[in-house]
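Everything on this sheet refers to the single structure shown next.
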Amino acid sequence: MNGWIAAGTALLVCGAVPAAVGAATGRIRRRIPAQNLTTTLVALVVLLLSQGYDRSAYQDLALTLAVLGPVGTLLYVRLLADELAAAPTSPRPLRVTTWLCYGAVTLVVVPLCVVTGPGRALVKLLVIGALLVSGSWVSARAVTAAGTAGHGLGGPAEGMSDG
């Protein structure tokens, strides 16, 4: 086992598993930011394991997670906007979760970029990092907007029917 695999395992056990538990339990206002944090951390774990096992193909999975993770969060926000409006997420935990995503991406992607060196793999790492950071920002904005607006309590979401 090398340092990259150890770091990936530590991030999985100490970061992604608690975030996944937060996404699976508790109130809806905590679940959605935790889901976004879980997706970000799992993508970073895959990047670390990619470097540890020297398999650049694993970066494609991290790229897929970086694209689909925020999309899933936006879908949940859209479908659960009324519940979020009824019990909005307080800004402080949401801000903390977003900054945790930013910090984790920086702490993982920068050393990987230094080790990778110039080339196509470096560009892929930078794109994945940018997607993770921007996805966290967009998801946090969507949760905040849904908490203040909702769809109008009691009625169906826009574009959806009751029957």
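If you're wondering about the labels, chains in the structure tokens are A, B, ... by order shown, residues count from 1 in each chain, ligands from 1 in order shown.
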- Please provide the set of residues having any atom within 7 Å of Ala81 (chain A), restricted to only C-alpha atoms, with same-chain residues fewer than 2 positions apart removed, written as number ranges by chain. A: 77-79, 83-85, 146-147, 150-151
- Message: For region 55-62 of chain A, find every residue with an atom within 9 Å (counting only C-alpha atoms), except residues of its own chain fewer than 3 positions away, and show them as a ChimeraX atom specification.
- Response: /A:42-47,49-52,65-67,121,124-125,128
Go ahead and save the residues from that selection, with N, CA, C and O atoms, as an mmCIF file, in the first residue's frame.
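Output (again_5.cif):
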data_model
loop_
_atom_site.group_PDB
_atom_site.id
_atom_site.type_symbol
_atom_site.label_atom_id
_atom_site.label_comp_id
_atom_site.auth_asym_id
_atom_site.auth_seq_id
_atom_site.Cartn_x
_atom_site.Cartn_y
_atom_site.Cartn_z
ATOM 1 N N VAL A 42 -16.376 11.078 -2.835
ATOM 2 C CA VAL A 42 -16.173 9.810 -3.541
ATOM 3 C C VAL A 42 -15.389 10.040 -4.835
ATOM 4 O O VAL A 42 -14.516 9.234 -5.191
ATOM 5 N N ALA A 43 -15.655 11.129 -5.541
ATOM 6 C CA ALA A 43 -14.887 11.444 -6.743
ATOM 7 C C ALA A 43 -13.414 11.664 -6.392
ATOM 8 O O ALA A 43 -12.518 11.213 -7.127
ATOM 9 N N LEU A 44 -13.160 12.322 -5.269
ATOM 10 C CA LEU A 44 -11.774 12.542 -4.852
ATOM 11 C C LEU A 44 -11.100 11.239 -4.430
ATOM 12 O O LEU A 44 -9.903 11.025 -4.700
ATOM 13 N N VAL A 45 -11.845 10.346 -3.792
ATOM 14 C CA VAL A 45 -11.305 9.032 -3.429
ATOM 15 C C VAL A 45 -10.904 8.269 -4.693
ATOM 16 O O VAL A 45 -9.827 7.661 -4.753
ATOM 17 N N VAL A 46 -11.752 8.316 -5.714
ATOM 18 C CA VAL A 46 -11.440 7.634 -6.975
ATOM 19 C C VAL A 46 -10.180 8.233 -7.607
ATOM 20 O O VAL A 46 -9.344 7.498 -8.149
ATOM 21 N N LEU A 47 -10.018 9.547 -7.529
ATOM 22 C CA LEU A 47 -8.801 10.172 -8.064
ATOM 23 C C LEU A 47 -7.556 9.699 -7.313
ATOM 24 O O LEU A 47 -6.515 9.417 -7.923
ATOM 25 N N LEU A 49 -7.210 6.888 -5.643
ATOM 26 C CA LEU A 49 -6.969 5.483 -5.962
ATOM 27 C C LEU A 49 -6.436 5.322 -7.381
ATOM 28 O O LEU A 49 -5.653 4.406 -7.646
ATOM 29 N N SER A 50 -6.839 6.199 -8.273
ATOM 30 C CA SER A 50 -6.305 6.188 -9.634
ATOM 31 C C SER A 50 -4.795 6.395 -9.617
ATOM 32 O O SER A 50 -4.053 5.706 -10.316
ATOM 33 N N GLN A 51 -4.349 7.336 -8.815
ATOM 34 C CA GLN A 51 -2.904 7.588 -8.706
ATOM 35 C C GLN A 51 -2.222 6.446 -7.964
ATOM 36 O O GLN A 51 -1.124 6.030 -8.327
ATOM 37 N N GLY A 52 -2.861 5.928 -6.911
ATOM 38 C CA GLY A 52 -2.259 4.856 -6.117
ATOM 39 C C GLY A 52 -2.065 3.571 -6.890
ATOM 40 O O GLY A 52 -1.056 2.888 -6.744
ATOM 41 N N LEU A 65 -18.529 11.207 -12.090
ATOM 42 C CA LEU A 65 -19.094 11.624 -10.799
ATOM 43 C C LEU A 65 -19.115 13.142 -10.663
ATOM 44 O O LEU A 65 -20.051 13.705 -10.099
ATOM 45 N N ALA A 66 -18.082 13.796 -11.170
ATOM 46 C CA ALA A 66 -18.027 15.261 -11.085
ATOM 47 C C ALA A 66 -19.130 15.913 -11.895
ATOM 48 O O ALA A 66 -19.604 16.999 -11.558
ATOM 49 N N VAL A 67 -19.562 15.260 -12.966
ATOM 50 C CA VAL A 67 -20.647 15.800 -13.787
ATOM 51 C C VAL A 67 -22.005 15.408 -13.216
ATOM 52 O O VAL A 67 -22.908 16.252 -13.077
ATOM 53 N N ALA A 121 -3.331 14.124 -18.795
ATOM 54 C CA ALA A 121 -3.841 13.737 -17.476
ATOM 55 C C ALA A 121 -3.955 14.953 -16.553
ATOM 56 O O ALA A 121 -4.890 15.044 -15.753
ATOM 57 N N LYS A 124 -7.071 16.806 -17.480
ATOM 58 C CA LYS A 124 -8.241 16.081 -16.982
ATOM 59 C C LYS A 124 -8.434 16.315 -15.486
ATOM 60 O O LYS A 124 -9.544 16.522 -15.020
ATOM 61 N N LEU A 125 -7.339 16.306 -14.729
ATOM 62 C CA LEU A 125 -7.425 16.576 -13.291
ATOM 63 C C LEU A 125 -7.951 17.984 -13.021
ATOM 64 O O LEU A 125 -8.789 18.186 -12.124
ATOM 65 N N ILE A 128 -11.681 18.066 -13.774
ATOM 66 C CA ILE A 128 -12.432 17.405 -12.708
ATOM 67 C C ILE A 128 -12.511 18.302 -11.478
ATOM 68 O O ILE A 128 -13.574 18.459 -10.872
#
Within 9 Å of region 28-32 of chain A: each region 75-131 of chain A residue with its shortest pair, only C-alpha atoms, as a Markdown table:
| residue | atom | partner | partner_atom | distance |
| --- | --- | --- | --- | --- |
| A:Tyr76 | CA | A:Ile32 | CA | 7.2 |
| A:Val77 | CA | A:Ile32 | CA | 7.3 |
| A:Leu80 | CA | A:Ile28 | CA | 8.3 |
| A:Glu83 | CA | A:Ile28 | CA | 7.4 |
| A:Leu84 | CA | A:Arg29 | CA | 6.1 |
| A:Ala87 | CA | A:Arg29 | CA | 6.9 |
| A:Pro88 | CA | A:Arg29 | CA | 6.3 |
| A:Thr89 | CA | A:Arg29 | CA | 5.0 |
| A:Ser90 | CA | A:Arg29 | CA | 8.3 |
| A:Pro93 | CA | A:Arg30 | CA | 8.5 |
| A:Leu94 | CA | A:Arg30 | CA | 8.5 |
Would you mind exporting N, CA and C atoms of the selected residues as a PDB file, in the first residue's frame?
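Final output, saved to out-v1.pdb:
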ATOM      1  N   TYR A  76     -32.732  16.491  -6.929  1.00  0.00           N
ATOM      2  CA  TYR A  76     -33.353  16.376  -5.612  1.00  0.00           C
ATOM      3  C   TYR A  76     -33.896  17.722  -5.137  1.00  0.00           C
ATOM      4  N   VAL A  77     -33.144  18.771  -5.366  1.00  0.00           N
ATOM      5  CA  VAL A  77     -33.613  20.104  -4.973  1.00  0.00           C
ATOM      6  C   VAL A  77     -34.891  20.447  -5.712  1.00  0.00           C
ATOM      7  N   LEU A  80     -37.782  18.238  -4.326  1.00  0.00           N
ATOM      8  CA  LEU A  80     -38.082  18.435  -2.906  1.00  0.00           C
ATOM      9  C   LEU A  80     -38.129  19.911  -2.511  1.00  0.00           C
ATOM     10  N   GLU A  83     -40.579  20.833   0.361  1.00  0.00           N
ATOM     11  CA  GLU A  83     -40.107  20.434   1.693  1.00  0.00           C
ATOM     12  C   GLU A  83     -38.972  21.335   2.172  1.00  0.00           C
ATOM     13  N   LEU A  84     -38.109  21.747   1.247  1.00  0.00           N
ATOM     14  CA  LEU A  84     -37.026  22.663   1.605  1.00  0.00           C
ATOM     15  C   LEU A  84     -37.562  24.039   1.983  1.00  0.00           C
ATOM     16  N   ALA A  87     -39.023  23.836   5.567  1.00  0.00           N
ATOM     17  CA  ALA A  87     -37.983  23.791   6.599  1.00  0.00           C
ATOM     18  C   ALA A  87     -36.658  24.130   5.936  1.00  0.00           C
ATOM     19  N   PRO A  88     -36.395  25.408   5.675  1.00  0.00           N
ATOM     20  CA  PRO A  88     -35.187  25.771   4.913  1.00  0.00           C
ATOM     21  C   PRO A  88     -33.897  25.447   5.655  1.00  0.00           C
ATOM     22  N   THR A  89     -32.871  25.194   4.856  1.00  0.00           N
ATOM     23  CA  THR A  89     -31.542  24.939   5.394  1.00  0.00           C
ATOM     24  C   THR A  89     -30.952  26.240   5.898  1.00  0.00           C
ATOM     25  N   SER A  90     -30.406  26.210   7.088  1.00  0.00           N
ATOM     26  CA  SER A  90     -29.770  27.418   7.592  1.00  0.00           C
ATOM     27  C   SER A  90     -28.482  27.653   6.800  1.00  0.00           C
ATOM     28  N   PRO A  93     -24.545  25.908   8.052  1.00  0.00           N
ATOM     29  CA  PRO A  93     -24.109  24.546   7.702  1.00  0.00           C
ATOM     30  C   PRO A  93     -23.930  24.348   6.200  1.00  0.00           C
ATOM     31  N   LEU A  94     -24.760  25.004   5.420  1.00  0.00           N
ATOM     32  CA  LEU A  94     -24.630  24.903   3.971  1.00  0.00           C
ATOM     33  C   LEU A  94     -23.312  25.516   3.514  1.00  0.00           C
TER      34      LEU A  94
END
- Message: I'd like the neighbourhood of region 106-110 of chain A as a ChimeraX atom specification, where a residue qualifies if any of its atoms comes within 8 Å (using only C-alpha atoms), though same-chain residues fewer than 3 positions away should be ignored.
- Response: /A:44,48,102-103,113-114,125-126,129
Write the residues of the selection above to a file with C-alpha atoms, as a PDB file, in the first residue's frame.
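Saved as result24.pdb:
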ATOM      1  CA  LEU A  44     -11.774  12.542  -4.852  1.00  0.00           C
ATOM      2  CA  LEU A  48      -6.512   9.164  -5.206  1.00  0.00           C
ATOM      3  CA  TYR A 102     -13.638  23.438  -1.835  1.00  0.00           C
ATOM      4  CA  GLY A 103     -10.962  22.507   0.683  1.00  0.00           C
ATOM      5  CA  CYS A 113      -1.417  17.786 -10.457  1.00  0.00           C
ATOM      6  CA  VAL A 114       2.117  18.203  -9.111  1.00  0.00           C
ATOM      7  CA  LEU A 125      -7.425  16.576 -13.291  1.00  0.00           C
ATOM      8  CA  LEU A 126      -7.918  20.334 -13.585  1.00  0.00           C
ATOM      9  CA  GLY A 129     -11.403  19.821  -9.943  1.00  0.00           C
TER      10      GLY A 129
END
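Between CA of Leu12 (chain A) and CA of Thr25 (chain A) the separation is 18.3 Å.
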- Residues of region 5-162 of chain A in helix (DSSP H, G or I) according to DSSP, as a ChimeraX atom specification? /A:5-24,28-52,58-79,81-86,91-116,120-148
